[in-house]
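What follows is a single structure, written as structure tokens, with notes after it.
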Amino acid sequence: MGHTCEQINERIRKHNSNHKGFTGSEADWKLVFIENFPDKSSAYARERAVKSWKSRKKIEELILKKN
């Protein structure tokens with residue numbers, strides 16, 4: 001989960017490229033959920049809220065509800 005101002009396809013491409021860092025060791029990232037916000041601060045606030053849940057079940061329910 002993260003926020004970006006980039007095109008989403010470019011963000012996924014970077015995650016799947018071989019680079020140092022958390023997302024660089026695996027090339028199997030895929031997009032399963034997206035929300036749009038009017039500005040970066042709103043997107044960041046939402047990201048922090050969802051990450052604070054610390055509940056895989058609750059996050060999976062969010063993904064299923066949106067799809």
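Letters A, B, ... go to the chains of the structure tokens in the order shown; residues in each chain start at 1; ligands are counted from 1 in the same order.
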- Would you please extract all helix (DSSP H, G or I) residues from stretch 19-65 of chain A, as assigned by DSSP on the backbone, and give them as number ranges by chain? A: 40-53, 56-65
Take the residues that were just selected and, keeping N, CA and C atoms, output them as a short mmCIF file (atom, residue, chain, number, x, y, z; two decimals), in the first residue's frame.
```cif
data_model
loop_
_atom_site.label_atom_id
_atom_site.label_comp_id
_atom_site.auth_asym_id
_atom_site.auth_seq_id
_atom_site.Cartn_x
_atom_site.Cartn_y
_atom_site.Cartn_z
N LYS A 40 -2.15 14.94 -2.38
CA LYS A 40 -1.26 13.96 -1.78
C LYS A 40 -1.48 13.83 -0.27
N SER A 41 -1.79 14.93 0.39
CA SER A 41 -1.97 14.85 1.84
C SER A 41 -3.20 14.02 2.21
N SER A 42 -4.26 14.10 1.43
CA SER A 42 -5.44 13.27 1.66
C SER A 42 -5.13 11.80 1.42
N ALA A 43 -4.37 11.52 0.37
CA ALA A 43 -3.98 10.14 0.06
C ALA A 43 -3.11 9.58 1.17
N TYR A 44 -2.18 10.37 1.66
CA TYR A 44 -1.30 9.92 2.73
C TYR A 44 -2.09 9.66 4.02
N ALA A 45 -3.04 10.51 4.33
CA ALA A 45 -3.87 10.32 5.52
C ALA A 45 -4.66 9.01 5.43
N ARG A 46 -5.19 8.72 4.24
CA ARG A 46 -5.94 7.47 4.05
C ARG A 46 -5.02 6.27 4.19
N GLU A 47 -3.82 6.35 3.60
CA GLU A 47 -2.85 5.26 3.71
C GLU A 47 -2.54 4.98 5.17
N ARG A 48 -2.26 6.01 5.95
CA ARG A 48 -1.94 5.85 7.37
C ARG A 48 -3.13 5.23 8.12
N ALA A 49 -4.34 5.65 7.79
CA ALA A 49 -5.53 5.11 8.46
C ALA A 49 -5.67 3.62 8.20
N VAL A 50 -5.54 3.22 6.94
CA VAL A 50 -5.69 1.80 6.60
C VAL A 50 -4.57 0.98 7.23
N LYS A 51 -3.35 1.47 7.18
CA LYS A 51 -2.23 0.74 7.78
C LYS A 51 -2.39 0.62 9.29
N SER A 52 -3.06 1.56 9.91
CA SER A 52 -3.25 1.52 11.37
C SER A 52 -4.21 0.42 11.79
N TRP A 53 -5.01 -0.08 10.84
CA TRP A 53 -5.95 -1.15 11.17
C TRP A 53 -5.21 -2.40 11.64
N ARG A 56 -5.50 -7.88 8.56
CA ARG A 56 -5.57 -8.40 7.19
C ARG A 56 -7.02 -8.59 6.76
N LYS A 57 -7.85 -9.12 7.66
CA LYS A 57 -9.25 -9.37 7.34
C LYS A 57 -9.97 -8.07 6.96
N LYS A 58 -9.76 -7.02 7.73
CA LYS A 58 -10.42 -5.74 7.45
C LYS A 58 -9.96 -5.14 6.13
N ILE A 59 -8.67 -5.27 5.84
CA ILE A 59 -8.14 -4.76 4.56
C ILE A 59 -8.69 -5.58 3.39
N GLU A 60 -8.77 -6.90 3.55
CA GLU A 60 -9.34 -7.75 2.49
C GLU A 60 -10.81 -7.40 2.26
N GLU A 61 -11.54 -7.10 3.32
CA GLU A 61 -12.95 -6.69 3.17
C GLU A 61 -13.05 -5.38 2.40
N LEU A 62 -12.15 -4.45 2.65
CA LEU A 62 -12.12 -3.19 1.91
C LEU A 62 -11.90 -3.45 0.42
N ILE A 63 -10.96 -4.31 0.11
CA ILE A 63 -10.65 -4.63 -1.30
C ILE A 63 -11.85 -5.29 -1.98
N LEU A 64 -12.47 -6.25 -1.30
CA LEU A 64 -13.62 -6.95 -1.89
C LEU A 64 -14.82 -6.02 -2.06
N LYS A 65 -15.02 -5.11 -1.12
CA LYS A 65 -16.15 -4.18 -1.21
C LYS A 65 -16.00 -3.25 -2.41
#
```
- Query: atom CA of A:Glu10 and atom CA of A:Trp29 are how many Å apart?
  - Reply: 12.2 Å
- Message: Between atom CA of A:Ile8 and atom CA of A:Lys30, what distance in Å does the model show, to one decimal?
- Response: 10.7 Å
- Task: Grab the atom CA of A:Phe33 to atom CA of A:Arg13 distance for me, in Å with one decimal place.
- Result: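 These two atoms are separated by 15.9 Å.
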